[in-house]
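Quick notes on the structure that follows.
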Amino acid sequence: MSLRLPFSTPSLPVRDGISLGLVCIAFSVSIFHYGGDSNLWLTCAFVALLLACLVRIQPVWGGAEFYWSPIHWWIVAYVLWLVVLIWLSTLPENTLIFARMMSAFGLVFLLCTNLPRAIWLRVLIGFLLAGLVSACWGIGEYIMTAKRANGPLVDPSAWSSLHNLFFFGTLAVFLTTGNRYRWLLGFALFVFAVAVFCSYSRVATAVFMAALALVFIVTIRYVDIRARLISAVLVSVLAWGLVHGYASQDEASHSEGYTLDLEEQGWSQRLSMWRAGLALYADYPVTGSGPATFKVHYPQYRDAGDLKNLGNYVHNDYIQYLAEGGPLLLGFLLAFTGYLLYRLYRGASKLVRGDRGELESVLLIVAMGTSLVHGLMNFVLYQFPVIMLMGFYFGRTVRLQATGRMRRLEVTTPLPGRAASVLVVVLLAGIAILDELSNDLIYQHRITHEIERDSLAYFDAIRWLTILRGANSSNQFALATLYRMRFDQEPEGRTGQTLALAAAMKYERGLELNPFRDQVRKYYAQFLMRNSWLQEHEEIHSDPETLLREGLRLGPVFARNHLALADYLAKRGAGDEAYQVLRNWACQWARLKYPGYHGERLDLFKRLLRESRQRNDTEIQRHMLRVLERA
């Protein structure tokens, strides 16, 4: 008994089959990348993409044909600019992680542009199966909690944007494929529509309805697909009715509500982050601060309009591209958007006039457009599966426009090219894997917990990671901690001095790589205060006060940084200055919510209450009372 696939496919070289299989695996893995402290899924997806590229490019060095167009040069330039931004970034280790993710758009585009339609549809099935898993995950979450669903992604709006892409990509196949498995595609449309509405994202819902209306207007004249078009609309209406019949907007919504009141918290937070993003760009006007660095810079630009968000993203991808990558990175995004708008206008005009040759490309452009519009209000273009799916759709769109042709490389000796491509992939994959091992060994302790139990093995692992990936600040800080712990056990003699100096040098190197680790900065300052003789060594360039003041400059909104400097000043006999630091600067951010703020605010208020009584400062006491009343 043989299994018939929904789409007949021509023969495919084994190498291409392996490459495309790896692309599907990468996408399937990417939907589980939640973010936070672990990048395990992102690393796995990126490595799978690299292997797919390696498998695909090896025959090219030997003279195999490949598809190439002028747009491919723009994609290559985009990926190369991401590489350049790593070197220019204010925090390269963060940019390195996000450059991998953002390059997925270009890698998938390059891998999938040359696919015949039958093969492209087959790969799309692999993507859709992963999408259905994500959708069912979120729908189940919604049914169990009657709250906004986000599935395995970090944010409901970003998750809904992904399923907008799925819905309209599936709709493109549903309306252009005349096979007997249309009911399966119709079921997928229903599931993806339910997922979009389960997220209760205002922008995603508005974009969904606008995109569906546009598709309806430009395609309703075609009698042979009219029944399918109307059924897609009815499926969407049914999905909306089921979701909102199960839980009303008030029950399933969040504090922002569904209105456009600019006084609402959600709007004030976004406006605050947008202003911060533009202010960050003003300080780095040429190349930006580097992808994924907005979060570490945000404390310096935050205002009272946002007292809740951590500042992971600007919540406007266009501003964030400008702030983190400068005009050139934003230019790539705008050029991509402009190209799609141009093609959408031309294609929709032809469809309305009766030329249906543009039907598939118009539907795919509408799918990509949902995310490009959503990016004005959220951070959808910083989600791995979203940009992979957009790269996949864009590759098909370019092929449909027939702007390129098949070519061959004129290489007389392919071995150097093959060896270089292997070397590049091994280097990039090795760095990603080593960084993930460091993250797990130092912070997660999920995969490497056996090593952690053996102190000698743990030290050797950290030492080798520091040798192999010395540019990772976490390795430097971990080794500094190990040296410091050993110094605490054996502080006397030459051995103790060597351990202390080694710990200080690792702290120095780590803070040079990542100056935004304020807790580590505090620990290092304390270490120098207890061992002041270290500052006499020429290898040590820091002193406690400079460290603490720099930490306060980089993170002026966190009470812990004010408390650390105040403690230092008080111990040096500058009690009045210490009090002013807490009264005039720390207290204005007492309402800010961030991880650990309850304990830090309590420590701040206890100290302020005690010292304000000594100084008879009733004004600050009333201020603290107002803060507690609003908490």
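Chain labels run A, B, ... following the order of the structure tokens; each chain numbers its residues from 1, and ligands are numbered from 1 in the order shown.
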Would you pick out the contacts of Leu554 of chain A at 9 Å or less, using only C-alpha atoms, so that residues sharing its chain but fewer than 4 positions from it are not included, and give the list as an NGL selection string?
:A and (296-297 or 299-300 or 515-516 or 518 or 549-550)
Residue contacts of Phe32 of chain A (7 Å, only C-alpha atoms) excluding same-chain residues fewer than 6 positions away, as a list of chain:residue names
A:Trp41, A:Pro152, A:Leu153
Can you list, as a ChimeraX atom specification, every residue of segment 279-472 of chain A that DSSP puts in alpha helix (DSSP H)?
/A:279-283,294-301,317-353,359-374,384-401,415-439,449-453,455-468
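Distances from A:Leu501, A:Val154, A:Leu534, A:Leu310 to Phe558 of chain A were compared using only C-alpha atoms, and the smallest one belongs to A:Leu310.
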Taking a cut-off of 12 Å and counting only C-alpha atoms, can you build a table that, for each residue of segment 195-252 of chain A near segment 121-137 of chain A, reports the nearest atom pair and how far apart they are in Å (one decimal), sorted by chain then residue number, as CSV?
residue,atom,partner,partner_atom,distance
A:Ala195,CA,A:Ala135,CA,5.5
A:Val196,CA,A:Ala135,CA,8.6
A:Phe197,CA,A:Ala135,CA,10.9
A:Cys198,CA,A:Ala135,CA,9.5
A:Ser199,CA,A:Ala135,CA,10.3
N, CA, C and O atoms of the current selection, written as an mmCIF file, in the first residue's frame:
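Contents of selection-v7.cif, as written:
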data_model
loop_
_atom_site.group_PDB
_atom_site.id
_atom_site.type_symbol
_atom_site.label_atom_id
_atom_site.label_comp_id
_atom_site.auth_asym_id
_atom_site.auth_seq_id
_atom_site.Cartn_x
_atom_site.Cartn_y
_atom_site.Cartn_z
ATOM 1 N N ALA A 195 -6.557 30.332 15.689
ATOM 2 C CA ALA A 195 -5.348 30.714 16.421
ATOM 3 C C ALA A 195 -5.167 32.226 16.442
ATOM 4 O O ALA A 195 -4.838 32.818 17.473
ATOM 5 N N VAL A 196 -5.392 32.868 15.281
ATOM 6 C CA VAL A 196 -5.257 34.334 15.223
ATOM 7 C C VAL A 196 -6.200 34.997 16.216
ATOM 8 O O VAL A 196 -5.804 35.885 16.988
ATOM 9 N N PHE A 197 -7.450 34.564 16.260
ATOM 10 C CA PHE A 197 -8.431 35.204 17.129
ATOM 11 C C PHE A 197 -8.211 34.844 18.595
ATOM 12 O O PHE A 197 -8.560 35.617 19.484
ATOM 13 N N CYS A 198 -7.622 33.661 18.861
ATOM 14 C CA CYS A 198 -7.339 33.283 20.253
ATOM 15 C C CYS A 198 -6.286 34.179 20.892
ATOM 16 O O CYS A 198 -6.193 34.251 22.117
ATOM 17 N N SER A 199 -5.491 34.837 20.068
ATOM 18 C CA SER A 199 -4.449 35.702 20.621
ATOM 19 C C SER A 199 -5.012 37.024 21.137
ATOM 20 O O SER A 199 -4.360 37.725 21.897
#
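A straight line drawn from atom CA of Arg615 of chain A to atom CA of Asp603 of chain A is 18.5 Å long.
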Surrounding residues of Ala586 of chain A excluding itself and chain neighbours under 3 positions, 12 Å, only C-alpha atoms, as JSON, numbers by chain:
{"A": [552, 555, 556, 557, 558, 559, 560, 561, 562, 563, 564, 565, 566, 578, 579, 580, 581, 582, 583, 589, 590, 591, 592, 600, 601, 603, 604, 605, 607, 608, 620, 624]}
Of the candidates A:Leu363, A:Leu322, A:Met377, A:Leu242, which shows the shortest atom-to-atom distance to Ala193 of chain A, using only C-alpha atoms?
A:Leu242
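Checking A:Ser289, A:Thr337, A:Thr403, A:Thr412 one by one against Tyr67 of chain A, counting only C-alpha atoms, you find the shortest gap at A:Thr403.
Atom pair atom CA of Val194 of chain A / atom CA of Val380 of chain A: separated by 18.9 Å.
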Considering only C-alpha atoms, return as a ChimeraX atom specification whatever protein or nucleic-acid residues lie within 12 Å of Arg463 of chain A, sequence-local ones (same chain, fewer than 2 positions apart) excluded.
/A:438,441,456-461,465-470,474-483,506
Using only C-alpha atoms, which residues sit within 9 Å of Val233 of chain A once same-chain residues fewer than 6 positions away are excluded, as a short mmCIF file (atom, residue, chain, number, x, y, z; two decimals) with N, CA and C atoms, in the first residue's frame?
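Listing of around_29.cif after writing:
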data_model
loop_
_atom_site.label_atom_id
_atom_site.label_comp_id
_atom_site.auth_asym_id
_atom_site.auth_seq_id
_atom_site.Cartn_x
_atom_site.Cartn_y
_atom_site.Cartn_z
N LEU A 212 -7.97 39.86 4.28
CA LEU A 212 -9.00 39.00 3.71
C LEU A 212 -9.93 39.79 2.81
N ALA A 213 -10.26 41.02 3.20
CA ALA A 213 -11.11 41.87 2.37
C ALA A 213 -10.42 42.20 1.04
N PHE A 216 -10.52 39.19 -1.19
CA PHE A 216 -11.89 39.00 -1.68
C PHE A 216 -12.18 39.96 -2.85
#
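Every protein, DNA or RNA residue with an atom at most 9 Å from Leu96 of chain A, where only C-alpha atoms count and chain neighbours fewer than 2 positions away do not, is listed here: Leu82, Val83, Leu85, Ile86, Leu91, Pro92, Glu93, Asn94, Phe98, Ala99, Arg100, Met101, Pro291, Ala292 and Ala432 of chain A.
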Now that the selection is made, can you save its residues with N, CA, C and O atoms as a PDB file, in the first residue's frame?
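Now in again_34.pdb:
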ATOM      1  N   LEU A  82      24.598  42.199   8.263  1.00  0.00           N
ATOM      2  CA  LEU A  82      24.387  41.650   9.598  1.00  0.00           C
ATOM      3  C   LEU A  82      25.708  41.191  10.216  1.00  0.00           C
ATOM      4  O   LEU A  82      25.942  41.370  11.413  1.00  0.00           O
ATOM      5  N   VAL A  83      26.577  40.609   9.383  1.00  0.00           N
ATOM      6  CA  VAL A  83      27.895  40.191   9.868  1.00  0.00           C
ATOM      7  C   VAL A  83      28.711  41.406  10.294  1.00  0.00           C
ATOM      8  O   VAL A  83      29.364  41.413  11.347  1.00  0.00           O
ATOM      9  N   LEU A  85      27.587  44.237  11.337  1.00  0.00           N
ATOM     10  CA  LEU A  85      27.001  44.821  12.544  1.00  0.00           C
ATOM     11  C   LEU A  85      27.473  44.115  13.813  1.00  0.00           C
ATOM     12  O   LEU A  85      27.491  44.724  14.886  1.00  0.00           O
ATOM     13  N   ILE A  86      27.855  42.854  13.699  1.00  0.00           N
ATOM     14  CA  ILE A  86      28.395  42.150  14.872  1.00  0.00           C
ATOM     15  C   ILE A  86      29.657  42.853  15.356  1.00  0.00           C
ATOM     16  O   ILE A  86      29.849  43.077  16.553  1.00  0.00           O
ATOM     17  N   LEU A  91      27.335  45.647  21.897  1.00  0.00           N
ATOM     18  CA  LEU A  91      27.349  44.398  22.666  1.00  0.00           C
ATOM     19  C   LEU A  91      27.342  43.238  21.663  1.00  0.00           C
ATOM     20  O   LEU A  91      26.296  42.658  21.371  1.00  0.00           O
ATOM     21  N   PRO A  92      28.514  42.882  21.113  1.00  0.00           N
ATOM     22  CA  PRO A  92      28.577  41.894  20.031  1.00  0.00           C
ATOM     23  C   PRO A  92      27.964  40.543  20.377  1.00  0.00           C
ATOM     24  O   PRO A  92      27.398  39.891  19.493  1.00  0.00           O
ATOM     25  N   GLU A  93      28.053  40.106  21.627  1.00  0.00           N
ATOM     26  CA  GLU A  93      27.524  38.780  21.934  1.00  0.00           C
ATOM     27  C   GLU A  93      26.005  38.724  21.791  1.00  0.00           C
ATOM     28  O   GLU A  93      25.454  37.686  21.421  1.00  0.00           O
ATOM     29  N   ASN A  94      25.313  39.815  22.083  1.00  0.00           N
ATOM     30  CA  ASN A  94      23.871  39.860  21.837  1.00  0.00           C
ATOM     31  C   ASN A  94      23.572  39.939  20.346  1.00  0.00           C
ATOM     32  O   ASN A  94      22.673  39.266  19.843  1.00  0.00           O
ATOM     33  N   PHE A  98      21.226  37.491  17.537  1.00  0.00           N
ATOM     34  CA  PHE A  98      20.133  37.964  16.702  1.00  0.00           C
ATOM     35  C   PHE A  98      20.521  38.035  15.227  1.00  0.00           C
ATOM     36  O   PHE A  98      19.648  37.928  14.360  1.00  0.00           O
ATOM     37  N   ALA A  99      21.805  38.207  14.932  1.00  0.00           N
ATOM     38  CA  ALA A  99      22.235  38.167  13.534  1.00  0.00           C
ATOM     39  C   ALA A  99      21.991  36.777  12.953  1.00  0.00           C
ATOM     40  O   ALA A  99      21.612  36.645  11.782  1.00  0.00           O
ATOM     41  N   ARG A 100      22.199  35.734  13.755  1.00  0.00           N
ATOM     42  CA  ARG A 100      21.878  34.377  13.290  1.00  0.00           C
ATOM     43  C   ARG A 100      20.402  34.272  12.937  1.00  0.00           C
ATOM     44  O   ARG A 100      20.028  33.729  11.894  1.00  0.00           O
ATOM     45  N   MET A 101      19.569  34.781  13.839  1.00  0.00           N
ATOM     46  CA  MET A 101      18.139  34.677  13.636  1.00  0.00           C
ATOM     47  C   MET A 101      17.691  35.499  12.421  1.00  0.00           C
ATOM     48  O   MET A 101      16.942  35.013  11.564  1.00  0.00           O
ATOM     49  N   PRO A 291      22.052  44.983  16.514  1.00  0.00           N
ATOM     50  CA  PRO A 291      20.840  44.197  16.771  1.00  0.00           C
ATOM     51  C   PRO A 291      20.854  43.545  18.150  1.00  0.00           C
ATOM     52  O   PRO A 291      21.881  43.052  18.610  1.00  0.00           O
ATOM     53  N   ALA A 292      19.700  43.596  18.804  1.00  0.00           N
ATOM     54  CA  ALA A 292      19.492  43.002  20.136  1.00  0.00           C
ATOM     55  C   ALA A 292      20.184  43.781  21.249  1.00  0.00           C
ATOM     56  O   ALA A 292      20.413  43.245  22.331  1.00  0.00           O
ATOM     57  N   ALA A 432      28.027  28.928  17.690  1.00  0.00           N
ATOM     58  CA  ALA A 432      26.663  28.846  18.224  1.00  0.00           C
ATOM     59  C   ALA A 432      26.543  27.733  19.258  1.00  0.00           C
ATOM     60  O   ALA A 432      25.933  27.912  20.327  1.00  0.00           O
TER      61      ALA A 432
END
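Ranking A:Leu389, A:Leu115, A:Ala279, A:Leu234 by their shortest atom-to-atom distance to Ser30 of chain A, with only C-alpha atoms included, puts A:Leu389 first.
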Given only C-alpha atoms as the basis, pick out the residue of A:Tyr142, A:Lys308, A:Thr177, A:Ser361 nearest to Pro595 of chain A.
A:Lys308
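With only C-alpha atoms as the atoms that count, the minimum distance from Glu410 of chain A to the choices A:Gly354, A:Gly575, A:Gly63, A:Gly430 is reached by A:Gly63.
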Quick one: residues within 6 Å of Gly288 of chain A, only C-alpha atoms counted, chain neighbours fewer than 5 positions away excluded, as a PyMOL selection string?
chain A and resi 281+323-326
